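Q: Can you read through this structure? Questions will come right after.
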There are 2 protein chains.
Amino acid sequence: MVQFRNLDEAPAFRELRGLKPADLRSTLTAEAVEARKADAGGGLTFSWAASDAGDETIGLLCRLAKEQELVEKYRLLASGQRMNTGEDRMVLHHLTRGEPAGPVIRDGRNYRAFYEGERARIADFARKIHSGSLTGSTGKPFRTAVQIGIVGSDLGPRALFLALETWARTAGRTRMSARFLSNVDPDDADGIFFGLDPETTLFILVSKSGTTQETLANETLARDFLRRRGPSGLDPSRHIVAVTSETSPLARNPGYLDSFYIDDFIGGRYSSTSAVGGVILSLAFGPETFAELLEGAREADERALSPEPLRNPPLLDALLGIFERNVLGRPCVAILPYSQALSRFPAHLQQLDMESNGKQVNRDGKPVAYPTGPVVFGEPGTNGQHSFYQLLHQGTDIVPLEFIGFLENQGTLDMTVEGSTSRAKLNANLAAQIVAFAKGQDNANPNKRFPGGRPSTLLYGRSLDPRALGALLAHFENKVMFQGFAWNLNSFDQEGVQLGKVLTKQVLAGGPLDGALDALSRALGIR
Amino acid sequence: MVQFRNLDEAPAFRELRGLKPADLRSTLTAEAVEARKADAGGGLTFSWAASDAGDETIGLLCRLAKEQELVEKYRLLASGQRMNTGEDRMVLHHLTRGEPAGPVIRDGRNYRAFYEGERARIADFARKIHSGSLTGSTGKPFRTAVQIGIVGSDLGPRALFLALETWARTAGRTRMSARFLSNVDPDDADGIFFGLDPETTLFILVSKSGTTQETLANETLARDFLRRRGPSGLDPSRHIVAVTSETSPLARNPGYLDSFYIDDFIGGRYSSTSAVGGVILSLAFGPETFAELLEGAREADERALSPEPLRNPPLLDALLGIFERNVLGRPCVAILPYSQALSRFPAHLQQLDMESNGKQVNRDGKPVAYPTGPVVFGEPGTNGQHSFYQLLHQGTDIVPLEFIGFLENQGTLDMTVEGSTSRAKLNANLAAQIVAFAKGQDNANPNKRFPGGRPSTLLYGRSLDPRALGALLAHFENKVMFQGFAWNLNSFDQEGVQLGKVLTKQVLAGGPLDGALDALSRALGIR
C-alpha cells in the first residue's frame, strides 16, 4: 500500500537538510561528464555533471525517492488511480502515447484504445485535407490551420509546432502552415487574421467544456471573418473543427466540420500529445510526424519507470530540483535551450511547472510547511547570454539552470566563419556557459570576478527531430509529476485560476462590486 | 556634492527594515484607486493602489529617495557625468530623446545634436527607401527590413516593432515588414530567410564594435543569401546598412549601403531609442512614428526629474521594488501586460533589469550585503492567467506584479459576445486579477482558498500608440536606473557576460582546455 506523506515527514529529507552544495570547481571534471549521465529516451542524454548535489546528497535523494515511493506513485497514476484528488479524477496523459502501467479500463472503456482511436481519426482527417479530398466551402484546398484555444490548449502545441517548423521544411514534411490564437485581446485576432485567406483557412477550436469565455469570443471573431471576408461569404461550419469532450455542446455539432475528442483525465497543460496537439501537428507536418513525437514521449515515459534514480532522468531531475528548492532555498529555475527552434519551449515549461506545483496545500488540502514549485523562466541561448545571464553569473541569488542542446542543425544553412561553423559556435557557447557558471573565475577586480557555484543540468541529443522533441516534452512532464509527488501535492488541478474568473464575471455582469474593483474597472474604461 | 553609499547605509533603510506589508484587504479601496496614482507621461497613469507599501512605508521610501539622492543622480547622469564607473563612460541614452539635464558637450561634440542628427539622417534614408528612390541592386523597392544584432540590439527594437504592428496597420503607417535575426544558431537564419525575397530585402547590421561574433556569423549567412539566391546574384553592399560606432570597421565602409552611428555612451539594452531602434522602426512605420515614440519617452524622462516620488512614477516604482526586494525579501517580479502587442515587452524588461542590476558589487567594485536585481519574467494577459498565475495566486512565494493595460484596441476587430466586447473582457480580467491577488478569498476548502496579499502596480493609458509606448519604455528604463542608484550599483556595464565569451573562444581555438570543458565540448559534437 503506497503511503502519501509530506516531504518534511520523510526521514531522508531531514538528513538532506543539513547538506551543503558540492564545490563545483572540484567536482565538475571530465570524469564526472563521462559518469554522470543517463539515457532519457528519444535519443536524449541527461547529464548532471554540473549539478551541485554531491555523492552524499545524491545518495540521500535516492533514499528520498524510495521513501516517498515516487515511481510507485507514477505507476498508480498511469494505472488509472484517481491521482487528481482535488477533482477526483484519473490522470491519463501518458496513455496518449503508451501504457506504462498496462491497460486502463473503466466502465468498459479502454482509455489507450480511446486516445489511439482519436489519433487514428485525426490521421485520417489530416490525410483527407492534405490530399485535397476535403476542402473549404469554395472547393479550395486548406493551406493554413489556426488553433483557437486558451493557454493550456495553446502553449504546448505552439511550442512543438515552432520546434519542428524548420526540421519539417528540411525533411520535406511541411503540409500546412499554422497559427495560434489565444488571447481574448481582440488585437491578437486582428494580427493573426491579417493576411489569412479565409477560403484556405481551417480553424481548430479547442475547448474541453465548449464554454471557455476567451475561446468562444475568438470563435465568434473567426466565424465573422469567414462569413464576411470570403468572396461571397463562406460557410463557417466547413472551416472549423472542434477538439472537445464528448459531452460538450461542440461535440457532433453540425456547426463544425468534424470533432475530435479529449476527456477530463488530461489537463490542458498535459494535453499536447492528445487531440489538442494532435490535430494541428498532424495537419502541419503529417500524421507520421506526430506519431514519431508520440513514440519519443513513450520512450521517455518508460525511462520514468526505473526504480533507480540514476537511470531515471526525470526522477533524478526532480530530486535535484528538490535539493535546490528545499535544501538550498533557491526560488527559481531557468530553462535554457541552445536551439532557436525551442523559442517557446520555456514558456510551455513555465506553464507546466508553475500551474502544476505552484500550490500551498497538499493533495489532501492541508497546508504544507515548505516551498513548492519554483518560478520558471527562460529564453534560448545564445540570446539569453546577452540578456539575463549577467544576473545568473553575478547576481546576488543563485538560479539553478536546465540547459538543452543538440549536435546537429535542423536546417541546411550554415557556414564557416573565422574557422568555425555557427553550430560549433552555438555549442561552444553552451559548453562554455556550463563551465563558467559552475567554476567561475577569480579576478583582482571584484567587478570582473565570477563566483561560480551555479549548478546546471544538461539534456542533449543528436538532433531536434520529432522523437527527441516528444522525449523532451515527456521528460519535463514527468519531472514535474515526480516533484509534485515528492511535495505530496496534487499537480493536476488549478484552483488558483478560479477567483479571477469569478470576479471577471462580476465585473461584466454589471451588478454591485467591491469598491476597489469598481474603481479599477472604471479606470480601465469599463462600467 | 552628491554622495554615493550603499543601501544599507541609508538611515531610512534601517527604519524600513522592520516594516510589514500593509493588509491589502483593507487598504485596496475605491479611494486608494483614486488617490494613489500619478501621470507617467505619454498619456500613461501609474497606479500603486494595490501596492502593499502602507503610508508609513511610503513615507520612509520617500525619505530614502532623498537620502540616496536618487533624482540628483539622474541629473548627474543626464548631464554627462561618467556614471558607468566600471567602464568609465558617460550614460547618454536619455539624450536620444531630449536633454533632461541640459546640453551635454564634450570635446566640441554636442551629444543631443549628434543623436538627433543621426535620427534626421535615418529619417531621410527611410524616406528614400519608402519613395523608391533608393532600391535594391536589381531596382526593386525594398519591402522587408531584417535586423541582425545580438540581444541588446534585438529585444528592444523587436518588442517595440511588435507593439506597433497592428497599430500601424490600422493607422495606415505600415511602410515595410520587419524581421529580427539574433541567435548564432544557424536554424534561426534558416527560418528567417525562408520566404524572403532577397531582391526586396534590406538587412540592418547592428554592431557597435563591428566585431560581434554572432552578428558577423549571421552577416556572412545574409551575404551568402544575397549572393546566391538572387536571380543572378545580388550585390550585398546595396542590401545592407550598418548601425555601428564611428570607429568600427563597418563605418564608412563601401561594403554597406550606408552607416548610422551610435557610441559607447549608450548600452545595448538602452539603445532602442538610438539608431539601433531608429533605423528599423523608421523603415517599418515611418520616421514620424519613431519621432512620436521618442516624444513619449522624453515626456517620461521629464516625469523622472520630479524630486517628489509621489509625482515621479519611475522613482516610486523603483522604491516600491526596493521595499519588496530588500524589506520583504521577494526574489522575483512579474511583468503582466494585458496587451498581446506587448508579447515581447516582458522579455525586453527582463534583459533591461537583470542585465543592469544583477550585480553583487557596488559602483566602486565593493561587494554589497543585500539582494540586488530580482528575476524578472512575464507573459501577456489573459494568456498568463491560464499558465503561471496558479503559482502567483496560491504558490508558497509571493511575487510582486507589474500590470500594464489600455482602454482601447489598436485594431478594428472586436465584437460583443455574451453582452461584452473582447476589450471589455480583457480589461475586466485585468481589474479582477488585481483585486483577486490583493484581497484573496477565504473558503472552507483550503485548496480553493486564496490568501491574497499579492501586491501589484498598474501602468495604464488610453491606447498603445507610439507615444504611450515610448513612455512605457522610458518608465522602466528610469525605474531600473533609480533602483541601481538606490543599491549603489553601476547599472550600465555587464562584466558578467565576459567569462562565457572567453571560454567559448578557448573551445573554438582548439587548444588545451579545462578537462570538463573539453569533455562537454566533445559530448556536444565539437572538438
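Chain identifiers are assigned as A, B, and so on, following the order in which chains appear in the C-alpha cells; residues are numbered from 1 within each chain, and ligands are numbered from 1 in order of appearance.
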Can you list, as a list in words, all residues belonging to range 320-514 of chain A that DSSP tags as strand (DSSP E or B)?

A: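 Filtering range 320-514 of chain A down to strand (DSSP E or B) leaves Cys332, Val333, Ala334, Ile335, Leu336, Pro337, Val361, Pro367, Val375, Val376, Phe377, Leu401, Glu402, Phe403, Ile404, Gly405, Phe406, Thr416, Val417, Ser420, Thr421, Gln441, Phe450, Ser456, Thr457, Leu458, Leu459, Tyr460 and Gly461 of chain A.
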
Q: At a cut-off of 10 Å, using only C-alpha atoms, what residues contact range 39-43 of chain A? Leave out same-chain residues fewer than 4 positions from it and give the result as a ChimeraX atom specification.

A: /A:47,292-304,310-314,459-472,474-475

Q: Residues of range 268-452 of chain A in alpha helix (DSSP H) according to DSSP, as an MDAnalysis selection string?

A: chainID A and resid 275:285 287:303 313:322 345:357 389:394 422:439

Q: Using Å and a single decimal, report how far CA of Gly102 in chain B sits from CA of Arg269 in chain B.

A: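 CA of Arg269 in chain B sits 23.2 Å away from CA of Gly102 in chain B.
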
Q: Can you pull out every residue within 12 Å of Asp224 in chain B, counting only C-alpha atoms, but drop anything in the same chain fewer than 3 positions away, and send it as a PyMOL selection string?

A: (chain A and resi 413-417) or (chain B and resi 189+193+198+217-221+227-230+233-237+239)

Q: What's the separation between CA of Ala432 in chain B and CA of Val502 in chain A, in Å to one decimal place?

A: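 Atom-to-atom, CA of Ala432 in chain B and CA of Val502 in chain A are spaced 8.3 Å apart.
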
Q: Can you work out the spacing between CA of Ala222 in chain A and CA of Arg119 in chain A in Å, to one decimal?

A: 25.5 Å

Q: Name all residues at most 12 Å from Ala22 in chain B (count only C-alpha atoms; drop same-chain ones fewer than 3 positions away) and give them as a CSV table (one decimal) with N, CA and C atoms, in the first residue's frame.

A:
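Full text of result_22.csv as output:
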```csv
chain,number,residue,atom,x,y,z
B,19,LEU,N,9.5,47.0,8.8
B,19,LEU,CA,8.1,47.2,8.4
B,19,LEU,C,7.5,46.0,7.8
B,25,ARG,N,-6.4,43.8,2.0
B,25,ARG,CA,-7.9,43.6,2.1
B,25,ARG,C,-8.5,44.9,2.6
B,26,SER,N,-7.8,45.7,3.4
B,26,SER,CA,-8.4,46.9,3.9
B,26,SER,C,-7.8,48.1,3.1
B,27,THR,N,-6.6,48.0,2.6
B,27,THR,CA,-6.0,49.3,2.0
B,27,THR,C,-6.4,49.4,0.5
B,28,LEU,N,-6.8,48.3,-0.2
B,28,LEU,CA,-7.1,48.5,-1.6
B,28,LEU,C,-8.6,48.9,-1.6
B,49,ALA,N,-2.3,51.7,-6.1
B,49,ALA,CA,-3.3,51.4,-5.1
B,49,ALA,C,-3.2,50.0,-4.6
B,50,ALA,N,-2.7,49.1,-5.3
B,50,ALA,CA,-2.6,47.7,-4.9
B,50,ALA,C,-1.2,47.3,-4.4
B,51,SER,N,-0.4,48.3,-4.2
B,51,SER,CA,0.9,48.1,-3.5
B,51,SER,C,0.7,47.8,-2.1
B,52,ASP,N,1.5,46.9,-1.5
B,52,ASP,CA,1.4,46.7,-0.1
B,52,ASP,C,2.3,47.5,0.8
B,53,ALA,N,2.8,48.6,0.2
B,53,ALA,CA,3.5,49.6,0.9
B,53,ALA,C,2.5,50.6,1.6
B,54,GLY,N,2.4,50.5,2.9
B,54,GLY,CA,1.4,51.4,3.6
B,54,GLY,C,2.0,52.8,3.6
B,55,ASP,N,1.2,53.7,4.3
B,55,ASP,CA,1.6,55.1,4.3
B,55,ASP,C,2.9,55.3,5.0
B,56,GLU,N,3.2,54.6,6.1
B,56,GLU,CA,4.4,54.8,6.8
B,56,GLU,C,5.6,54.3,5.9
B,57,THR,N,5.4,53.2,5.2
B,57,THR,CA,6.4,52.7,4.3
B,57,THR,C,6.7,53.7,3.2
B,58,ILE,N,5.6,54.2,2.7
B,58,ILE,CA,5.9,55.2,1.6
B,58,ILE,C,6.6,56.4,2.1
B,323,PHE,N,11.3,48.0,-1.5
B,323,PHE,CA,10.6,47.5,-0.4
B,323,PHE,C,10.3,46.0,-0.5
B,324,GLU,N,9.8,45.6,-1.7
B,324,GLU,CA,9.5,44.2,-2.0
B,324,GLU,C,10.8,43.3,-1.9
B,328,LEU,N,10.9,43.0,2.3
B,328,LEU,CA,10.0,41.8,2.3
B,328,LEU,C,10.7,40.5,1.8
B,438,ALA,N,-4.8,40.8,-4.6
B,438,ALA,CA,-4.6,41.7,-3.4
B,438,ALA,C,-5.5,41.1,-2.2
B,439,LYS,N,-6.7,40.8,-2.5
B,439,LYS,CA,-7.7,40.6,-1.4
B,439,LYS,C,-7.9,39.1,-1.2
B,452,GLY,N,-4.5,36.0,-0.9
B,452,GLY,CA,-4.4,37.4,-1.1
B,452,GLY,C,-3.0,37.9,-0.6
B,453,GLY,N,-2.9,39.3,-0.4
B,453,GLY,CA,-1.7,39.8,0.0
B,453,GLY,C,-0.6,39.8,-1.1
B,454,ARG,N,-1.1,39.7,-2.4
B,454,ARG,CA,-0.2,39.7,-3.5
B,454,ARG,C,-0.2,41.1,-4.1
B,455,PRO,N,0.9,41.9,-3.9
B,455,PRO,CA,0.8,43.3,-4.3
B,455,PRO,C,1.1,43.5,-5.8
```

Q: Could you check which of A:Ile404, A:Ile148, A:Leu134, A:Leu426 is closest to Glu214 in chain B, using only C-alpha atoms?

A: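 The closest residue to Glu214 in chain B is A:Leu426.
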
Q: Check the smallest atom-to-atom distance from each of A:Asn443, A:Asn6, A:Ser274, A:Ser245 to Ala486 in chain A using only C-alpha atoms, then report the winner.

A: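 Closest residue, counting only C-alpha atoms: A:Asn6.
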
Q: From the list A:Ala369, A:Leu95, A:Ala38, A:Ala12, which residue is nearest chain B when using only C-alpha atoms?

A: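 Using only C-alpha atoms, chain B sits closest to A:Ala369.
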